[in-house]
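Q: Okay, so here is my_file-v4.cif, and as you'll see once you scroll down, it has mmCIF, N, CA and C atoms.
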data_data
loop_
_atom_site.label_atom_id
_atom_site.label_comp_id
_atom_site.auth_asym_id
_atom_site.auth_seq_id
_atom_site.Cartn_x
_atom_site.Cartn_y
_atom_site.Cartn_z
N MET I 201 -45.62 -18.67 -20.70
CA MET I 201 -44.43 -19.41 -20.36
C MET I 201 -43.19 -18.74 -20.95
N LEU I 202 -43.29 -18.31 -22.19
CA LEU I 202 -42.18 -17.66 -22.86
C LEU I 202 -41.84 -16.33 -22.18
N LEU I 203 -42.87 -15.61 -21.76
CA LEU I 203 -42.66 -14.33 -21.07
C LEU I 203 -41.95 -14.56 -19.73
N LYS I 204 -42.32 -15.64 -19.03
CA LYS I 204 -41.68 -15.95 -17.76
C LYS I 204 -40.20 -16.27 -17.96
N LYS I 205 -39.86 -17.05 -18.98
CA LYS I 205 -38.46 -17.36 -19.27
C LYS I 205 -37.70 -16.10 -19.64
N PHE I 206 -38.33 -15.21 -20.39
CA PHE I 206 -37.70 -13.94 -20.77
C PHE I 206 -37.38 -13.11 -19.54
N LYS I 207 -38.34 -13.02 -18.61
CA LYS I 207 -38.14 -12.25 -17.38
C LYS I 207 -37.00 -12.83 -16.53
N VAL I 208 -36.97 -14.16 -16.44
CA VAL I 208 -35.92 -14.82 -15.67
C VAL I 208 -34.56 -14.57 -16.34
N GLY I 209 -34.53 -14.70 -17.65
CA GLY I 209 -33.29 -14.45 -18.39
C GLY I 209 -32.82 -13.02 -18.25
N LEU I 210 -33.77 -12.07 -18.36
CA LEU I 210 -33.44 -10.65 -18.22
C LEU I 210 -32.91 -10.36 -16.81
N PHE I 211 -33.55 -10.92 -15.78
CA PHE I 211 -33.09 -10.73 -14.41
C PHE I 211 -31.67 -11.28 -14.24
N PHE I 212 -31.43 -12.47 -14.79
CA PHE I 212 -30.11 -13.10 -14.70
C PHE I 212 -29.05 -12.23 -15.37
N MET I 213 -29.34 -11.68 -16.53
CA MET I 213 -28.38 -10.82 -17.24
C MET I 213 -28.08 -9.55 -16.46
N ILE I 214 -29.13 -8.95 -15.90
CA ILE I 214 -28.94 -7.71 -15.12
C ILE I 214 -28.13 -8.02 -13.87
N PHE I 215 -28.45 -9.11 -13.18
CA PHE I 215 -27.72 -9.49 -11.98
C PHE I 215 -26.24 -9.74 -12.28
N CYS I 216 -25.96 -10.50 -13.34
CA CYS I 216 -24.58 -10.80 -13.71
C CYS I 216 -23.82 -9.55 -14.11
N SER I 217 -24.48 -8.66 -14.84
CA SER I 217 -23.83 -7.41 -15.24
C SER I 217 -23.50 -6.55 -14.04
N ALA I 218 -24.43 -6.46 -13.12
CA ALA I 218 -24.18 -5.66 -11.91
C ALA I 218 -23.06 -6.25 -11.09
N TRP I 219 -23.02 -7.56 -10.97
CA TRP I 219 -21.96 -8.22 -10.20
C TRP I 219 -20.62 -8.00 -10.87
N ALA I 220 -20.56 -8.12 -12.18
CA ALA I 220 -19.30 -7.93 -12.90
C ALA I 220 -18.80 -6.50 -12.76
N CYS I 221 -19.71 -5.55 -12.78
CA CYS I 221 -19.31 -4.15 -12.65
C CYS I 221 -18.82 -3.83 -11.25
N SER I 222 -19.29 -4.57 -10.26
CA SER I 222 -18.88 -4.29 -8.89
C SER I 222 -17.55 -4.94 -8.54
N LYS I 223 -17.05 -5.84 -9.38
CA LYS I 223 -15.75 -6.46 -9.10
C LYS I 223 -14.66 -5.42 -9.20
N LYS I 224 -13.81 -5.38 -8.22
CA LYS I 224 -12.73 -4.41 -8.21
C LYS I 224 -11.54 -4.98 -8.98
N THR I 225 -11.23 -4.35 -10.10
CA THR I 225 -10.11 -4.81 -10.91
C THR I 225 -8.92 -3.88 -10.75
N ASP I 226 -9.11 -2.79 -10.06
CA ASP I 226 -8.06 -1.79 -9.89
C ASP I 226 -7.34 -2.05 -8.57
N VAL I 227 -6.53 -3.10 -8.52
CA VAL I 227 -5.85 -3.49 -7.29
C VAL I 227 -4.33 -3.44 -7.50
N ILE I 228 -3.61 -3.34 -6.39
CA ILE I 228 -2.15 -3.34 -6.45
C ILE I 228 -1.69 -4.76 -6.77
N PRO I 229 -0.88 -4.93 -7.81
CA PRO I 229 -0.41 -6.29 -8.13
C PRO I 229 0.53 -6.83 -7.05
N ASN I 230 0.56 -8.13 -6.92
CA ASN I 230 1.49 -8.77 -5.99
C ASN I 230 2.87 -8.82 -6.63
N MET I 231 3.87 -8.35 -5.91
CA MET I 231 5.24 -8.38 -6.39
C MET I 231 6.10 -9.11 -5.37
N PHE I 232 7.06 -9.87 -5.86
CA PHE I 232 8.01 -10.55 -4.98
C PHE I 232 8.94 -9.50 -4.38
N VAL I 233 9.09 -9.53 -3.06
CA VAL I 233 9.97 -8.60 -2.35
C VAL I 233 10.92 -9.40 -1.49
N ASN I 234 12.23 -9.10 -1.62
CA ASN I 234 13.26 -9.75 -0.81
C ASN I 234 14.46 -8.80 -0.76
N GLN I 235 14.37 -7.79 0.09
CA GLN I 235 15.37 -6.74 0.19
C GLN I 235 16.09 -6.81 1.54
N TYR I 236 17.37 -6.45 1.53
CA TYR I 236 18.14 -6.32 2.77
C TYR I 236 18.60 -4.89 2.87
N VAL I 237 18.34 -4.27 4.02
CA VAL I 237 18.72 -2.89 4.26
C VAL I 237 19.63 -2.87 5.48
N TYR I 238 20.81 -2.29 5.31
CA TYR I 238 21.80 -2.23 6.39
C TYR I 238 21.67 -0.89 7.11
N VAL I 239 21.30 -0.95 8.38
CA VAL I 239 21.06 0.25 9.16
C VAL I 239 22.33 1.09 9.29
N ASN I 240 23.50 0.47 9.37
CA ASN I 240 24.75 1.20 9.55
C ASN I 240 25.30 1.82 8.28
N ASN I 241 24.67 1.56 7.14
CA ASN I 241 25.08 2.18 5.89
C ASN I 241 24.78 3.68 5.99
N PRO I 242 25.75 4.55 5.69
CA PRO I 242 25.54 6.00 5.83
C PRO I 242 24.33 6.53 5.06
N THR I 243 23.96 5.90 3.96
CA THR I 243 22.80 6.38 3.20
C THR I 243 21.49 6.09 3.93
N ASN I 244 21.52 5.23 4.93
CA ASN I 244 20.31 4.88 5.69
C ASN I 244 20.31 5.48 7.09
N PHE I 245 21.06 6.56 7.29
CA PHE I 245 21.22 7.14 8.63
C PHE I 245 19.90 7.53 9.27
N LYS I 246 18.87 7.85 8.48
CA LYS I 246 17.57 8.24 9.05
C LYS I 246 16.93 7.11 9.84
N LEU I 247 17.32 5.88 9.56
CA LEU I 247 16.74 4.74 10.27
C LEU I 247 17.34 4.53 11.65
N ASN I 248 18.36 5.29 12.01
CA ASN I 248 18.97 5.15 13.33
C ASN I 248 18.11 5.74 14.44
N ALA I 249 17.17 6.60 14.10
CA ALA I 249 16.30 7.22 15.09
C ALA I 249 14.89 6.65 14.98
N ILE I 250 14.24 6.45 16.12
CA ILE I 250 12.84 6.03 16.11
C ILE I 250 12.03 7.13 15.42
N GLY I 251 11.17 6.72 14.51
CA GLY I 251 10.40 7.66 13.70
C GLY I 251 11.07 7.98 12.37
N GLY I 252 12.28 7.48 12.18
CA GLY I 252 12.99 7.72 10.92
C GLY I 252 12.45 6.83 9.81
N TRP I 253 12.62 7.25 8.59
CA TRP I 253 12.13 6.49 7.45
C TRP I 253 13.01 6.74 6.24
N ILE I 254 12.95 5.82 5.29
CA ILE I 254 13.64 5.98 4.00
C ILE I 254 12.79 5.31 2.92
N TYR I 255 13.08 5.69 1.68
CA TYR I 255 12.50 5.00 0.53
C TYR I 255 13.47 3.91 0.10
N VAL I 256 12.93 2.74 -0.23
CA VAL I 256 13.73 1.60 -0.66
C VAL I 256 13.17 1.12 -1.99
N THR I 257 14.04 0.66 -2.87
CA THR I 257 13.55 0.09 -4.12
C THR I 257 12.89 -1.24 -3.83
N GLY I 258 12.00 -1.65 -4.72
CA GLY I 258 11.30 -2.91 -4.58
C GLY I 258 9.81 -2.70 -4.58
N GLY I 259 9.07 -3.79 -4.54
CA GLY I 259 7.62 -3.70 -4.58
C GLY I 259 7.14 -3.22 -5.93
N VAL I 260 5.99 -2.60 -5.96
CA VAL I 260 5.40 -2.10 -7.20
C VAL I 260 5.95 -0.72 -7.54
N ARG I 261 5.85 0.22 -6.60
CA ARG I 261 6.33 1.60 -6.83
C ARG I 261 7.40 2.01 -5.83
N GLY I 262 7.93 1.04 -5.12
CA GLY I 262 8.92 1.32 -4.09
C GLY I 262 8.36 0.98 -2.73
N ILE I 263 9.20 1.12 -1.72
CA ILE I 263 8.83 0.77 -0.35
C ILE I 263 9.22 1.92 0.57
N ILE I 264 8.36 2.19 1.54
CA ILE I 264 8.68 3.13 2.62
C ILE I 264 9.04 2.26 3.83
N LEU I 265 10.25 2.42 4.32
CA LEU I 265 10.71 1.67 5.49
C LEU I 265 10.74 2.63 6.67
N TYR I 266 9.99 2.31 7.72
CA TYR I 266 9.78 3.19 8.87
C TYR I 266 10.22 2.49 10.16
N ARG I 267 10.97 3.22 10.99
CA ARG I 267 11.40 2.66 12.28
C ARG I 267 10.38 3.04 13.34
N LYS I 268 9.61 2.05 13.80
CA LYS I 268 8.55 2.29 14.78
C LYS I 268 9.07 2.29 16.21
N SER I 269 10.07 1.45 16.50
CA SER I 269 10.65 1.38 17.84
C SER I 269 12.11 0.94 17.69
N SER I 270 12.78 0.73 18.81
CA SER I 270 14.19 0.37 18.73
C SER I 270 14.43 -0.95 18.01
N ASP I 271 13.44 -1.84 18.03
CA ASP I 271 13.63 -3.13 17.37
C ASP I 271 12.53 -3.50 16.38
N GLU I 272 11.68 -2.53 16.01
CA GLU I 272 10.58 -2.81 15.08
C GLU I 272 10.58 -1.84 13.90
N PHE I 273 10.55 -2.42 12.71
CA PHE I 273 10.46 -1.66 11.47
C PHE I 273 9.19 -2.07 10.73
N ILE I 274 8.61 -1.12 10.00
CA ILE I 274 7.43 -1.40 9.19
C ILE I 274 7.77 -1.03 7.75
N ALA I 275 7.37 -1.89 6.82
CA ALA I 275 7.62 -1.66 5.39
C ALA I 275 6.28 -1.54 4.68
N TYR I 276 6.07 -0.40 4.01
CA TYR I 276 4.83 -0.14 3.26
C TYR I 276 5.11 -0.08 1.77
N GLU I 277 4.18 -0.56 0.98
CA GLU I 277 4.20 -0.36 -0.46
C GLU I 277 3.93 1.11 -0.74
N ARG I 278 4.66 1.71 -1.68
CA ARG I 278 4.46 3.13 -2.03
C ARG I 278 3.33 3.33 -3.02
N ASN I 279 2.66 2.30 -3.42
CA ASN I 279 1.53 2.39 -4.34
C ASN I 279 0.26 2.67 -3.53
N CYS I 280 -0.42 3.76 -3.83
CA CYS I 280 -1.65 4.10 -3.11
C CYS I 280 -2.70 3.03 -3.35
N THR I 281 -3.53 2.79 -2.34
CA THR I 281 -4.58 1.78 -2.45
C THR I 281 -5.82 2.30 -3.16
N TRP I 282 -5.90 3.60 -3.41
CA TRP I 282 -7.03 4.17 -4.15
C TRP I 282 -6.59 4.35 -5.61
N GLN I 283 -7.24 3.69 -6.50
CA GLN I 283 -6.92 3.74 -7.93
C GLN I 283 -5.42 3.56 -8.16
N PRO I 284 -4.88 2.43 -7.73
CA PRO I 284 -3.44 2.20 -7.78
C PRO I 284 -2.83 2.17 -9.17
N ASN I 285 -3.66 2.00 -10.20
CA ASN I 285 -3.13 1.96 -11.56
C ASN I 285 -2.93 3.35 -12.16
N ASP I 286 -3.40 4.40 -11.48
CA ASP I 286 -3.16 5.76 -11.96
C ASP I 286 -1.66 6.03 -11.96
N ALA I 287 -1.20 6.72 -12.97
CA ALA I 287 0.24 7.00 -13.12
C ALA I 287 0.80 7.77 -11.93
N CYS I 288 -0.02 8.58 -11.27
CA CYS I 288 0.49 9.41 -10.18
C CYS I 288 0.18 8.85 -8.79
N ALA I 289 -0.19 7.58 -8.69
CA ALA I 289 -0.59 6.99 -7.41
C ALA I 289 0.60 6.51 -6.58
N THR I 290 1.64 7.33 -6.51
CA THR I 290 2.83 7.00 -5.72
C THR I 290 2.81 7.80 -4.43
N LEU I 291 3.03 7.12 -3.32
CA LEU I 291 2.97 7.75 -2.00
C LEU I 291 4.28 8.40 -1.60
N SER I 292 4.17 9.44 -0.79
CA SER I 292 5.33 10.15 -0.25
C SER I 292 5.08 10.46 1.22
N VAL I 293 6.15 10.46 2.00
CA VAL I 293 6.03 10.84 3.41
C VAL I 293 5.95 12.36 3.46
N ASP I 294 4.97 12.88 4.22
CA ASP I 294 4.80 14.33 4.38
C ASP I 294 5.96 14.94 5.14
N SER I 295 6.09 16.23 5.03
CA SER I 295 7.15 16.95 5.74
C SER I 295 6.99 16.86 7.26
N THR I 296 5.79 16.50 7.72
CA THR I 296 5.55 16.34 9.16
C THR I 296 6.13 15.03 9.70
N ASN I 297 6.46 14.09 8.79
CA ASN I 297 6.93 12.75 9.14
C ASN I 297 5.90 11.97 9.95
N VAL I 298 4.64 12.35 9.84
CA VAL I 298 3.55 11.69 10.55
C VAL I 298 2.60 10.99 9.58
N SER I 299 2.50 11.52 8.36
CA SER I 299 1.55 11.01 7.38
C SER I 299 2.25 10.62 6.09
N ILE I 300 1.61 9.71 5.38
CA ILE I 300 2.03 9.31 4.05
C ILE I 300 0.91 9.74 3.11
N SER I 301 1.24 10.47 2.06
CA SER I 301 0.21 11.06 1.20
C SER I 301 0.33 10.65 -0.25
N ASP I 302 -0.82 10.64 -0.91
CA ASP I 302 -0.90 10.50 -2.35
C ASP I 302 -1.37 11.86 -2.87
N HIS I 303 -0.51 12.56 -3.57
CA HIS I 303 -0.85 13.90 -4.04
C HIS I 303 -1.80 13.86 -5.24
N CYS I 304 -2.01 12.68 -5.79
CA CYS I 304 -2.92 12.51 -6.92
C CYS I 304 -4.37 12.54 -6.45
N CYS I 305 -4.71 11.74 -5.44
CA CYS I 305 -6.09 11.65 -4.97
C CYS I 305 -6.30 12.31 -3.60
N SER I 306 -5.24 12.79 -2.98
CA SER I 306 -5.28 13.45 -1.67
C SER I 306 -5.53 12.51 -0.49
N SER I 307 -5.39 11.22 -0.70
CA SER I 307 -5.51 10.29 0.43
C SER I 307 -4.30 10.44 1.34
N LYS I 308 -4.53 10.24 2.65
CA LYS I 308 -3.44 10.28 3.63
C LYS I 308 -3.54 9.06 4.52
N PHE I 309 -2.37 8.58 4.93
CA PHE I 309 -2.28 7.40 5.78
C PHE I 309 -1.37 7.71 6.96
N VAL I 310 -1.63 7.07 8.10
CA VAL I 310 -0.83 7.25 9.31
C VAL I 310 0.44 6.42 9.16
N ILE I 311 1.59 7.06 9.34
CA ILE I 311 2.86 6.36 9.13
C ILE I 311 3.10 5.25 10.16
N MET I 312 2.55 5.39 11.36
CA MET I 312 2.81 4.40 12.41
C MET I 312 2.13 3.05 12.19
N ASP I 313 1.01 3.04 11.43
CA ASP I 313 0.32 1.76 11.23
C ASP I 313 -0.28 1.58 9.83
N GLY I 314 -0.19 2.59 8.98
CA GLY I 314 -0.70 2.47 7.61
C GLY I 314 -2.20 2.64 7.48
N SER I 315 -2.86 3.01 8.57
CA SER I 315 -4.31 3.19 8.52
C SER I 315 -4.67 4.48 7.76
N ILE I 316 -5.91 4.57 7.34
CA ILE I 316 -6.38 5.72 6.57
C ILE I 316 -6.60 6.90 7.50
N GLN I 317 -6.01 8.02 7.15
CA GLN I 317 -6.20 9.26 7.89
C GLN I 317 -7.22 10.14 7.17
N GLN I 318 -7.20 10.06 5.82
CA GLN I 318 -8.10 10.87 5.00
C GLN I 318 -8.31 10.14 3.68
N GLY I 319 -9.56 10.08 3.22
CA GLY I 319 -9.90 9.41 1.96
C GLY I 319 -9.65 10.28 0.76
N PRO I 320 -9.94 9.74 -0.36
CA PRO I 320 -10.94 8.74 -0.69
C PRO I 320 -10.51 7.28 -0.51
N ALA I 321 -9.27 7.00 -0.19
CA ALA I 321 -8.84 5.61 0.00
C ALA I 321 -9.72 4.93 1.04
N THR I 322 -10.02 3.66 0.81
CA THR I 322 -10.86 2.88 1.72
C THR I 322 -10.12 1.65 2.25
N ILE I 323 -8.90 1.45 1.78
CA ILE I 323 -8.09 0.30 2.19
C ILE I 323 -6.78 0.82 2.77
N PRO I 324 -6.34 0.30 3.92
CA PRO I 324 -5.05 0.73 4.49
C PRO I 324 -3.89 0.35 3.57
N LEU I 325 -2.71 0.85 3.88
CA LEU I 325 -1.53 0.57 3.06
C LEU I 325 -1.16 -0.91 3.11
N ARG I 326 -0.62 -1.37 1.99
CA ARG I 326 -0.10 -2.74 1.93
C ARG I 326 1.21 -2.78 2.71
N ARG I 327 1.35 -3.79 3.55
CA ARG I 327 2.58 -3.96 4.33
C ARG I 327 3.34 -5.18 3.86
N TYR I 328 4.65 -5.05 3.94
CA TYR I 328 5.53 -6.19 3.73
C TYR I 328 6.11 -6.56 5.10
N GLN I 329 6.58 -7.77 5.23
CA GLN I 329 7.20 -8.19 6.48
C GLN I 329 8.58 -7.55 6.60
N ALA I 330 8.95 -7.21 7.80
CA ALA I 330 10.26 -6.61 8.07
C ALA I 330 10.84 -7.25 9.33
N ALA I 331 11.96 -7.96 9.17
CA ALA I 331 12.63 -8.61 10.30
C ALA I 331 13.96 -7.91 10.53
N PHE I 332 14.25 -7.58 11.80
CA PHE I 332 15.46 -6.84 12.15
C PHE I 332 16.31 -7.69 13.08
N ASP I 333 17.60 -7.87 12.73
CA ASP I 333 18.50 -8.68 13.57
C ASP I 333 19.49 -7.84 14.37
N GLY I 334 19.30 -6.52 14.39
CA GLY I 334 20.20 -5.63 15.12
C GLY I 334 21.06 -4.79 14.20
N SER I 335 21.27 -5.24 12.97
CA SER I 335 22.04 -4.45 12.02
C SER I 335 21.47 -4.50 10.61
N VAL I 336 20.71 -5.54 10.30
CA VAL I 336 20.15 -5.69 8.96
C VAL I 336 18.63 -5.86 9.06
N ILE I 337 17.92 -5.15 8.18
CA ILE I 337 16.47 -5.30 8.07
C ILE I 337 16.20 -6.12 6.83
N HIS I 338 15.49 -7.21 6.99
CA HIS I 338 15.08 -8.03 5.86
C HIS I 338 13.63 -7.71 5.55
N VAL I 339 13.36 -7.13 4.37
CA VAL I 339 12.00 -6.80 3.93
C VAL I 339 11.61 -7.87 2.91
N PHE I 340 10.48 -8.51 3.15
CA PHE I 340 10.08 -9.63 2.29
C PHE I 340 8.58 -9.87 2.35
N ASN I 341 8.12 -10.74 1.47
CA ASN I 341 6.72 -11.17 1.52
C ASN I 341 6.64 -12.68 1.37
#
Produce structure tokens that represent the structure in this file.

A:
Amino acid sequence: MLLKKFKVGLFFMIFCSAWACSKKTDVIPNMFVNQYVYVNNPTNFKLNAIGGWIYVTGGVRGIILYRKSSDEFIAYERNCTWQPNDACATLSVDSTNVSISDHCCSSKFVIMDGSIQQGPATIPLRRYQAAFDGSVIHVFN
């Protein structure tokens, strides 16, 4: 009887340890975002063309604001989804203006939708809401 209780206890400890180790604690923290970006501001001239993008302050490591169409903007968190707590896990738009890359882990994401283009990242980019009224983009969560 004692041996049976020991086996059950040992199984329970191993199961709990394995479950605790599998919990992902390396996640991007939630940050309050409430930014207004004026398209007609000369510093934001890149947003006047479809496919244009700029870096905006806010979020955890900043925001990439991308113009997908004449009336649609997408806002991405600049914190990579792979090991986001690493000091170098900040994303940058490639010179091709097609991909967003993390030079720390070599993950790449598609700028048009934030999907994974190349790992090791396994989660797409975090998006914030972006509402456009014709002259002002409101980025928020």

Q: At most 6 Å from (5.5, -0.3, -2.8), file frame, only C-alpha atoms: which residues, as a list in words?

A: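 Returned residue set, sorted by chain then number, is Gly259, Val260, Arg261, Gly262, Ile263, Glu277, Arg278 and Asn279 of chain I.
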
Q: For stretch 237-241 of chain I, list every protein, DNA or RNA residue within 7 Å, evaluated using only N, CA and C atoms, and leave out those in the same chain fewer than 5 positions away; present the list as a list in words.

A: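 Neighbouring residues, sequence-local ones excluded: Leu247, Asn248, Gly334, Ser335, Val336, Ile337, His338 and Val339 of chain I.
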
Q: If we count all atoms listed in the file and set the cut-off at 7 Å, which residues sit around I:Cys305, ignoring sequence neighbours fewer than 5 positions away in its own chain? Please answer as number ranges by chain.

A: I: 288-289, 319-321

Q: Keeping N, CA and C atoms for every residue in the selection just given, could you write it to a file as an mmCIF file, keeping the file's coordinate frame?

A:
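Saved to result39.cif:
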data_model
loop_
_atom_site.group_PDB
_atom_site.id
_atom_site.type_symbol
_atom_site.label_atom_id
_atom_site.label_comp_id
_atom_site.auth_asym_id
_atom_site.auth_seq_id
_atom_site.Cartn_x
_atom_site.Cartn_y
_atom_site.Cartn_z
ATOM 1 N N CYS I 288 -0.020 8.580 -11.270
ATOM 2 C CA CYS I 288 0.490 9.410 -10.180
ATOM 3 C C CYS I 288 0.180 8.850 -8.790
ATOM 4 N N ALA I 289 -0.190 7.580 -8.690
ATOM 5 C CA ALA I 289 -0.590 6.990 -7.410
ATOM 6 C C ALA I 289 0.600 6.510 -6.580
ATOM 7 N N GLY I 319 -9.560 10.080 3.220
ATOM 8 C CA GLY I 319 -9.900 9.410 1.960
ATOM 9 C C GLY I 319 -9.650 10.280 0.760
ATOM 10 N N PRO I 320 -9.940 9.740 -0.360
ATOM 11 C CA PRO I 320 -10.940 8.740 -0.690
ATOM 12 C C PRO I 320 -10.510 7.280 -0.510
ATOM 13 N N ALA I 321 -9.270 7.000 -0.190
ATOM 14 C CA ALA I 321 -8.840 5.610 0.000
ATOM 15 C C ALA I 321 -9.720 4.930 1.040
#

Q: Taking the backbone alone, and naming residues the way the document does, which bits of stretch 215-311 of chain I are alpha helix (DSSP H) by DSSP, as a ChimeraX atom specification?

A: /I:215-222

Q: What's the separation between atom C of I:Asp302 and atom CA of I:Asp271, in Å to one decimal place?

A: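 Atom CA of I:Asp271 lies 29.3 Å from atom C of I:Asp302.
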
Q: Point out the residue among I:Asn285, I:Thr322, I:Ser301, I:Ser292 with the least atom-to-atom distance to I:Ile264, counting only C-alpha atoms.

A: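 Of I:Asn285, I:Thr322, I:Ser301, I:Ser292, the one nearest I:Ile264 is I:Ser292, counting only C-alpha atoms.
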
Q: Could you pull the residues within 7 Å of I:Arg326, counting only N, CA and C atoms, minus those fewer than 3 positions along the same chain, as a list in words?

A: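 Those residues are Ala275, Tyr276, Glu277, Asn279, Thr281, Gly314 and Ile323 of chain I.
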